[in-house]
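Visitor: Have a look at this one.
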Amino acid sequence: MLSEPRSGRLAAWGNALLAGLVSPDDAVLAIVGEDAVHRVEGLPGEAAPVGLTLALGRLRALGVSGLRVALPQPGHPLGLSGPPEFNARALEAEEAVICYGAAFGLVPEVYEAGPDGDVHVEVVWHCLPVREAPPADVPSLGEAERELAEALRDATEVLSRLDVAGSGPVAEAAIDAYRARAERGREVLAPGYPPRAVRVLELAQRVGVLISVAYENGHGGAVSAGEMAARGAALRPVERTARRAQVAAYNAVVEEKERGAR
């Protein structure tokens with residue numbers, strides 16, 4: 001939960017490429033990650049799916065100067081601006097990339113094959129028209145940082161009382177694994193992002209680890225129906241706040257562009 005989404009990698013490294021801060025090869029390598037291959041289908045002027053390098057170059061030629069992230073869930077169209085057809089596809093995938101400078105959006109479709117431990121993953125990004133309008137419910141970086149700190153404090157108090165806080169050996173092991181991945185050289189964000197965006201995304205991802213541990217541990221020490229309801233009520237707003245913070249961090253580059261254009 002709240003792990004690095006493919007839309008986040010595409011937006012972050014796509015923004016770095018559009019800004020001339022990384023090479024096309026480095027950007028594509030970072031976007032693909034551990035997947036086998038990514039292609040883009042539905043680009044104007046292309047009758048068949050094309051590779052990411054060509055796709056990002058074509059989007060730039062079409063006027064795209066930045067990329068935003070959307071991480072919608074049922075009842076929460078986070079980062080979307082319409083139309084309904086695009087929103088429905090994005091909601092099904094639970095993520096999307098929205099272009100800035102041209103009215104296009106990209107929704108991933110993931111194909112997996114092979115046995116456990118040797119899964120071959122291919123991703124097709126569907127390029128679709130979007131409505132040019134402000135994205136839904138995306139806070140500023142400052143708002144996201146404050147909201148996340150407050151939500152985490154409130155949830156920790158409730159979960160500690162119910163004996164399901166993000167603490168103990170299971171949670172510590174999960175956090176240690178998260179830190180180990182970061183220390184192996186995974187950049188939190190691509191070049192060109194402000195330090196505050198990096199800080200907000202790191203905190204949102206760490207909160208995501210704690211939320212995952214709390215869900216995976218069943219009901220923890222919450223044994224009554226009331227306690228279980230309180231546990232869920234404590235986790236849901238923190239999860240939503242963390243997703244909003246994650247989107248705010250990935251979208252920081254485009255937000256700076258918009259402020260500069262005013």
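Residues are named by chain letter and number: chains run A, B, ... in the order of the structure tokens, numbers start at 1 in each chain, and ligands are numbered from 1 in the order shown.
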Within 9 Å of stretch 7-15 of chain A, counting only C-alpha atoms, which residues qualify if same-chain residues fewer than 2 places away don't, as a PyMOL selection string?
Guide: chain A and resi 4-5+17-22+24+26-28+30-33+56+65-71+95-99+106-108+189-193+246-247+250-251+253-254
Visitor: Go ahead and save the picked residues with C-alpha atoms, as a PDB file, in the first residue's frame.
Guide:
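What ended up in selection.pdb:
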ATOM      1  CA  GLU A   4       5.974   3.616  -5.554  1.00  0.00           C
ATOM      2  CA  PRO A   5       3.312   3.659  -8.290  1.00  0.00           C
ATOM      3  CA  LEU A  17      13.543  14.301 -19.185  1.00  0.00           C
ATOM      4  CA  LEU A  18      11.274  17.140 -20.349  1.00  0.00           C
ATOM      5  CA  ALA A  19      13.419  19.556 -18.328  1.00  0.00           C
ATOM      6  CA  GLY A  20      16.607  18.244 -19.952  1.00  0.00           C
ATOM      7  CA  LEU A  21      18.007  16.958 -16.640  1.00  0.00           C
ATOM      8  CA  VAL A  22      18.375  13.295 -17.648  1.00  0.00           C
ATOM      9  CA  PRO A  24      16.144   9.456 -22.573  1.00  0.00           C
ATOM     10  CA  ASP A  26      18.247   6.970 -18.093  1.00  0.00           C
ATOM     11  CA  ALA A  27      14.636   8.138 -17.873  1.00  0.00           C
ATOM     12  CA  VAL A  28      13.243   5.022 -19.541  1.00  0.00           C
ATOM     13  CA  ALA A  30      14.105   4.371 -14.229  1.00  0.00           C
ATOM     14  CA  ILE A  31      10.475   4.313 -15.404  1.00  0.00           C
ATOM     15  CA  VAL A  32      10.518   0.648 -16.414  1.00  0.00           C
ATOM     16  CA  GLY A  33      12.215  -0.405 -13.167  1.00  0.00           C
ATOM     17  CA  LEU A  56       7.898  10.825 -24.523  1.00  0.00           C
ATOM     18  CA  SER A  65       5.825  20.269 -20.813  1.00  0.00           C
ATOM     19  CA  GLY A  66       5.043  18.409 -17.587  1.00  0.00           C
ATOM     20  CA  LEU A  67       3.370  15.353 -16.121  1.00  0.00           C
ATOM     21  CA  ARG A  68       1.068  15.008 -13.121  1.00  0.00           C
ATOM     22  CA  VAL A  69      -0.001  11.938 -11.141  1.00  0.00           C
ATOM     23  CA  ALA A  70      -3.520  10.842 -10.171  1.00  0.00           C
ATOM     24  CA  LEU A  71      -4.129   8.112  -7.571  1.00  0.00           C
ATOM     25  CA  GLU A  95      -3.516   5.494 -11.058  1.00  0.00           C
ATOM     26  CA  ALA A  96      -2.904   7.659 -14.098  1.00  0.00           C
ATOM     27  CA  VAL A  97      -0.604  10.323 -15.507  1.00  0.00           C
ATOM     28  CA  ILE A  98      -2.082  13.638 -16.673  1.00  0.00           C
ATOM     29  CA  CYS A  99      -0.168  15.706 -19.209  1.00  0.00           C
ATOM     30  CA  LEU A 106      -2.014   7.941 -19.704  1.00  0.00           C
ATOM     31  CA  VAL A 107      -3.507   4.957 -17.890  1.00  0.00           C
ATOM     32  CA  PRO A 108      -1.449   1.792 -17.342  1.00  0.00           C
ATOM     33  CA  LEU A 189      12.324  11.423  -6.828  1.00  0.00           C
ATOM     34  CA  ALA A 190      14.003  12.271 -10.101  1.00  0.00           C
ATOM     35  CA  PRO A 191      16.365  15.244 -10.555  1.00  0.00           C
ATOM     36  CA  GLY A 192      14.675  18.646 -10.615  1.00  0.00           C
ATOM     37  CA  TYR A 193      12.299  18.144  -7.691  1.00  0.00           C
ATOM     38  CA  GLN A 246       2.136  11.422  -2.494  1.00  0.00           C
ATOM     39  CA  VAL A 247       0.323  13.077  -5.410  1.00  0.00           C
ATOM     40  CA  TYR A 250       4.965  13.972  -7.659  1.00  0.00           C
ATOM     41  CA  ASN A 251       3.089  17.011  -9.014  1.00  0.00           C
ATOM     42  CA  VAL A 253       7.333  20.277 -10.654  1.00  0.00           C
ATOM     43  CA  VAL A 254       4.165  21.110 -12.589  1.00  0.00           C
TER      44      VAL A 254
END
Visitor: Pick out each residue of stretch 5-60 of chain A that DSSP on the backbone tags as strand (DSSP E); I need them as a list of chain:residue names.
Guide: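 Checking each residue of stretch 5-60 of chain A, the strand (DSSP E) ones are A:Val37, A:His38, A:Arg39, A:Val40, A:Glu41, A:Val50, A:Gly51.
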Visitor: Using only C-alpha atoms, find the one residue out of A:Gly232, A:Lys257, A:Glu157, A:Ala149 that sits nearest to A:Ala204.
Guide: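 Between A:Gly232, A:Lys257, A:Glu157, A:Ala149, the residue approaching A:Ala204 most closely is A:Ala149.
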Visitor: Contacts of A:Leu203 at 9 Å or less, counting only C-alpha atoms, minus same-chain residues fewer than 5 places along, as a list in words?
Guide: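 Using only C-alpha atoms, the neighbours found are Glu145, Leu148, Ala149, Val198, Gly208, Ala242, Ala245 and Gln246 of chain A.
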Visitor: Those same residues - N, CA, C and O atoms - I'd like them written as a PDB file, in the first residue's frame.
Guide:
ATOM      1  N   GLU A 145       2.192  18.356   3.776  1.00  0.00           N
ATOM      2  CA  GLU A 145       3.112  18.046   4.876  1.00  0.00           C
ATOM      3  C   GLU A 145       2.437  18.236   6.229  1.00  0.00           C
ATOM      4  O   GLU A 145       2.550  17.401   7.122  1.00  0.00           O
ATOM      5  N   LEU A 148      -0.351  15.521   6.756  1.00  0.00           N
ATOM      6  CA  LEU A 148       0.197  14.188   6.994  1.00  0.00           C
ATOM      7  C   LEU A 148       0.713  14.064   8.418  1.00  0.00           C
ATOM      8  O   LEU A 148       0.490  13.049   9.090  1.00  0.00           O
ATOM      9  N   ALA A 149       1.378  15.100   8.901  1.00  0.00           N
ATOM     10  CA  ALA A 149       1.886  15.064  10.273  1.00  0.00           C
ATOM     11  C   ALA A 149       0.735  14.988  11.278  1.00  0.00           C
ATOM     12  O   ALA A 149       0.795  14.230  12.256  1.00  0.00           O
ATOM     13  N   VAL A 198      10.685  15.862  -1.972  1.00  0.00           N
ATOM     14  CA  VAL A 198      11.351  14.621  -1.574  1.00  0.00           C
ATOM     15  C   VAL A 198      10.974  14.266  -0.140  1.00  0.00           C
ATOM     16  O   VAL A 198      10.650  13.110   0.171  1.00  0.00           O
ATOM     17  N   GLY A 208       2.803   4.835   4.487  1.00  0.00           N
ATOM     18  CA  GLY A 208       2.208   3.727   3.755  1.00  0.00           C
ATOM     19  C   GLY A 208       2.676   2.379   4.276  1.00  0.00           C
ATOM     20  O   GLY A 208       1.893   1.426   4.352  1.00  0.00           O
ATOM     21  N   ALA A 242      -2.175  10.305   3.119  1.00  0.00           N
ATOM     22  CA  ALA A 242      -0.879   9.900   2.578  1.00  0.00           C
ATOM     23  C   ALA A 242      -0.914   9.847   1.056  1.00  0.00           C
ATOM     24  O   ALA A 242       0.057  10.239   0.384  1.00  0.00           O
ATOM     25  N   ALA A 245      -0.722  13.377  -0.165  1.00  0.00           N
ATOM     26  CA  ALA A 245       0.638  13.885  -0.036  1.00  0.00           C
ATOM     27  C   ALA A 245       1.540  13.323  -1.128  1.00  0.00           C
ATOM     28  O   ALA A 245       2.391  14.033  -1.684  1.00  0.00           O
ATOM     29  N   GLN A 246       1.341  12.049  -1.443  1.00  0.00           N
ATOM     30  CA  GLN A 246       2.136  11.422  -2.494  1.00  0.00           C
ATOM     31  C   GLN A 246       1.900  12.128  -3.829  1.00  0.00           C
ATOM     32  O   GLN A 246       2.852  12.450  -4.557  1.00  0.00           O
TER      33      GLN A 246
END
Visitor: Can you tell me how far atom CA of A:Arg89 sits from atom CA of A:Tyr111, in Å to one decimal?
Guide: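 Separating atom CA of A:Arg89 from atom CA of A:Tyr111 is a distance of 15.7 Å.
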Visitor: With a distance cut-off of 10 Å and only C-alpha atoms, select the neighbouring residues of stretch 119-129 of chain A, excluding the residue or stretch itself and same-chain residues fewer than 3 positions from it, and output the selection as a PyMOL selection string.
Guide: chain A and resi 6-7+32+34-44+49-52+55+82-83+85-86+89+96-99+102-116+132
Visitor: Output C-alpha atoms for every residue in that selection, as an mmCIF file, in the first residue's frame.
Guide:
data_model
loop_
_atom_site.group_PDB
_atom_site.id
_atom_site.type_symbol
_atom_site.label_atom_id
_atom_site.label_comp_id
_atom_site.auth_asym_id
_atom_site.auth_seq_id
_atom_site.Cartn_x
_atom_site.Cartn_y
_atom_site.Cartn_z
ATOM 1 C CA ARG A 6 4.243 3.242 -11.932
ATOM 2 C CA SER A 7 2.513 6.557 -12.630
ATOM 3 C CA VAL A 32 10.518 0.648 -16.414
ATOM 4 C CA GLU A 34 11.835 -4.144 -12.635
ATOM 5 C CA ASP A 35 9.219 -4.536 -15.381
ATOM 6 C CA ALA A 36 10.191 -6.118 -18.699
ATOM 7 C CA VAL A 37 8.929 -3.419 -21.039
ATOM 8 C CA HIS A 38 6.584 -0.423 -21.225
ATOM 9 C CA ARG A 39 4.761 0.712 -24.365
ATOM 10 C CA VAL A 40 2.325 3.535 -25.117
ATOM 11 C CA GLU A 41 -0.818 2.885 -27.160
ATOM 12 C CA GLY A 42 -3.111 5.456 -28.736
ATOM 13 C CA LEU A 43 -0.637 8.267 -29.326
ATOM 14 C CA PRO A 44 -1.797 10.681 -32.044
ATOM 15 C CA PRO A 49 1.974 0.866 -29.521
ATOM 16 C CA VAL A 50 5.416 2.497 -29.349
ATOM 17 C CA GLY A 51 8.271 2.445 -26.858
ATOM 18 C CA LEU A 52 8.643 4.982 -24.066
ATOM 19 C CA ALA A 55 6.329 8.229 -26.809
ATOM 20 C CA GLY A 82 -12.322 14.259 -16.428
ATOM 21 C CA PRO A 83 -13.908 13.385 -18.726
ATOM 22 C CA GLU A 85 -14.487 7.951 -19.650
ATOM 23 C CA PHE A 86 -10.900 8.706 -18.654
ATOM 24 C CA ARG A 89 -10.214 3.893 -16.720
ATOM 25 C CA ALA A 96 -2.904 7.659 -14.098
ATOM 26 C CA VAL A 97 -0.604 10.323 -15.507
ATOM 27 C CA ILE A 98 -2.082 13.638 -16.673
ATOM 28 C CA CYS A 99 -0.168 15.706 -19.209
ATOM 29 C CA ALA A 102 -1.681 19.225 -23.938
ATOM 30 C CA ALA A 103 -4.963 17.484 -23.135
ATOM 31 C CA PHE A 104 -3.791 13.887 -22.839
ATOM 32 C CA GLY A 105 -3.689 11.342 -20.067
ATOM 33 C CA LEU A 106 -2.014 7.941 -19.704
ATOM 34 C CA VAL A 107 -3.507 4.957 -17.890
ATOM 35 C CA PRO A 108 -1.449 1.792 -17.342
ATOM 36 C CA GLU A 109 -2.628 -1.733 -18.090
ATOM 37 C CA VAL A 110 -0.389 -4.399 -16.570
ATOM 38 C CA TYR A 111 0.132 -7.883 -18.030
ATOM 39 C CA GLU A 112 1.838 -10.554 -15.938
ATOM 40 C CA ALA A 113 2.951 -14.054 -16.953
ATOM 41 C CA GLY A 114 5.111 -16.750 -15.442
ATOM 42 C CA PRO A 115 5.497 -18.562 -12.123
ATOM 43 C CA ASP A 116 6.060 -16.944 -8.726
ATOM 44 C CA GLU A 132 -8.073 20.667 -19.129
#
Visitor: Can you work out which one of A:Ala16, A:Val209, A:Gly117, A:Tyr100 has the shortest atom-to-atom distance to A:Gly63, counting only C-alpha atoms?
Guide: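 The answer is A:Tyr100, which sits nearest to A:Gly63.
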